[in-house]
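In what follows, a structure is listed as structure tokens, so that the remarks can point back to it.
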Amino acid sequence: MDGIKSKARVKEHGEVFTPDSIVNDMLSLIDNELREEGVTPIQYIGKTYLEPACGNGNFLIRILDRKLAAVRLLEKEKQETGLVHAVSSIYGIDIQADNVEESIERMLDLIKVGNVDILELKDKEKRPFYNGGGFNMSPETEKVVEFILR
């Protein structure tokens with residue numbers, strides 16, 4: 001993907017996609033403020049984000065990635081609950097149904113695999129994901145996570 005799906009979609013909906021480096025720079029500003037405020041991992045996981053034009057989820061996956069990294073800081077027996085809280089506090093809206101579905105699939109892939117394809121500018125180096133790989137969830141937790149995302 002080069003930032004657009006089609007010229008028709010750009011013309012009709014103004015649809016363009018934000019490159020990963022810009023997403024990361026913007027989210028780092030928020031993270032720096034939260035760090036200065038002394039936000040704990042559990043508080044960070046619970047922070048609510050709304051992406052009112054989520055597209056295919058470029059912001060959503062990086063927000064989720066950062067939250068998943070905070071989940072990994074919790075005690076092992078609290079990580080599945082932390083994962084559910086992380087997913088429960090991220091909202092995305094888009095006027096294109098296929099974008100919403102793609103966002104959901106990308107977030108599920110990030111949770112299960114720990115990595116997803118990203119859009120990046122040609123002159124930028126791709127940043128790794130922070131979350132440390134996919135989560136091993138119980139079947140029950142996996143159902144809950146999928147239910148919340150859908």
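Ligands are numbered from 1 in the order shown, chains are lettered A, B, ... in the order of the structure tokens, and residues start at 1 in each chain.
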Could you give me, as number ranges by chain, each residue of chain A that DSSP assigns to alpha helix (DSSP H) when run on this structure's backbone?
-> A: 7-13, 20-36, 41-46, 58-71, 79-88, 97-113, 139-149
With stretch 130-137 of chain A as the partner and 10 Å as the cut-off, tabulate the residues of stretch 31-95 of chain A that qualify, each row holding the nearest pair of atoms and their distance in Å to one decimal, using only C-alpha atoms, sorted by chain and rising number, as a Markdown table.
| residue | atom | partner | partner_atom | distance |
| --- | --- | --- | --- | --- |
| A:Arg62 | CA | A:Tyr130 | CA | 9.0 |
| A:Leu64 | CA | A:Asn131 | CA | 8.8 |
| A:Asp65 | CA | A:Asn131 | CA | 5.5 |
| A:Arg66 | CA | A:Tyr130 | CA | 6.3 |
| A:Lys67 | CA | A:Asn131 | CA | 7.9 |
| A:Leu68 | CA | A:Asn131 | CA | 5.2 |
| A:Ala69 | CA | A:Asn131 | CA | 4.1 |
| A:Ala70 | CA | A:Asn131 | CA | 7.9 |
| A:Val71 | CA | A:Asn131 | CA | 8.4 |
| A:Arg72 | CA | A:Asn131 | CA | 7.3 |
| A:Gln79 | CA | A:Phe135 | CA | 9.2 |
| A:Glu80 | CA | A:Met137 | CA | 6.8 |
| A:Leu83 | CA | A:Phe135 | CA | 8.9 |
File of the preceding selection, C-alpha atoms, as a PDB file, in the first residue's frame:
ATOM      1  CA  ARG A  62       0.464   1.131  17.315  1.00  0.00           C
ATOM      2  CA  LEU A  64      -2.474  -1.511  20.910  1.00  0.00           C
ATOM      3  CA  ASP A  65       1.196  -2.439  20.504  1.00  0.00           C
ATOM      4  CA  ARG A  66       2.212   0.034  23.191  1.00  0.00           C
ATOM      5  CA  LYS A  67      -0.563  -1.180  25.492  1.00  0.00           C
ATOM      6  CA  LEU A  68       0.492  -4.802  24.937  1.00  0.00           C
ATOM      7  CA  ALA A  69       4.036  -3.892  25.943  1.00  0.00           C
ATOM      8  CA  ALA A  70       2.583  -2.502  29.199  1.00  0.00           C
ATOM      9  CA  VAL A  71       0.540  -5.711  29.654  1.00  0.00           C
ATOM     10  CA  ARG A  72       3.787  -7.701  29.513  1.00  0.00           C
ATOM     11  CA  GLN A  79      -1.710 -10.478  31.728  1.00  0.00           C
ATOM     12  CA  GLU A  80      -4.838 -11.956  30.131  1.00  0.00           C
ATOM     13  CA  LEU A  83      -5.022  -7.762  27.486  1.00  0.00           C
TER      14      LEU A  83
END
Pick from A:Val87, A:Val16, A:Val144, A:Val23: nearest to A:Lys47, with only C-alpha atoms counted?
->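 Closest candidate: A:Val87.
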May I ask which of the residues A:Asn32, A:Arg127, A:Gly46, A:Ser138 is the closest one to A:Ser88, counting only C-alpha atoms?
->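 Result for the nearest residue to A:Ser88: A:Gly46.
Closest to A:Asp20 among A:Arg106, A:Lys126, A:Lys76, A:Lys112 is A:Lys126, based on only C-alpha atoms.
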Among listed residues A:Thr18, A:Thr81, A:Gln43, A:Gln96, nearest A:Glu120 (using only C-alpha atoms) |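 Among A:Thr18, A:Thr81, A:Gln43, A:Gln96, it is A:Thr18 that comes nearest to A:Glu120.
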Who sits within 9 Å of A:Val116, only C-alpha atoms, same chain under 5 positions skipped, as a ChimeraX atom specification | /A:61,106-107,109-110,129
Top pick for closest residue to A:Phe59, considering A:Tyr44, A:Gly82, A:Asp31, A:Ile90 and counting only C-alpha atoms |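 Under the stated criterion, the closest residue is A:Ile90.
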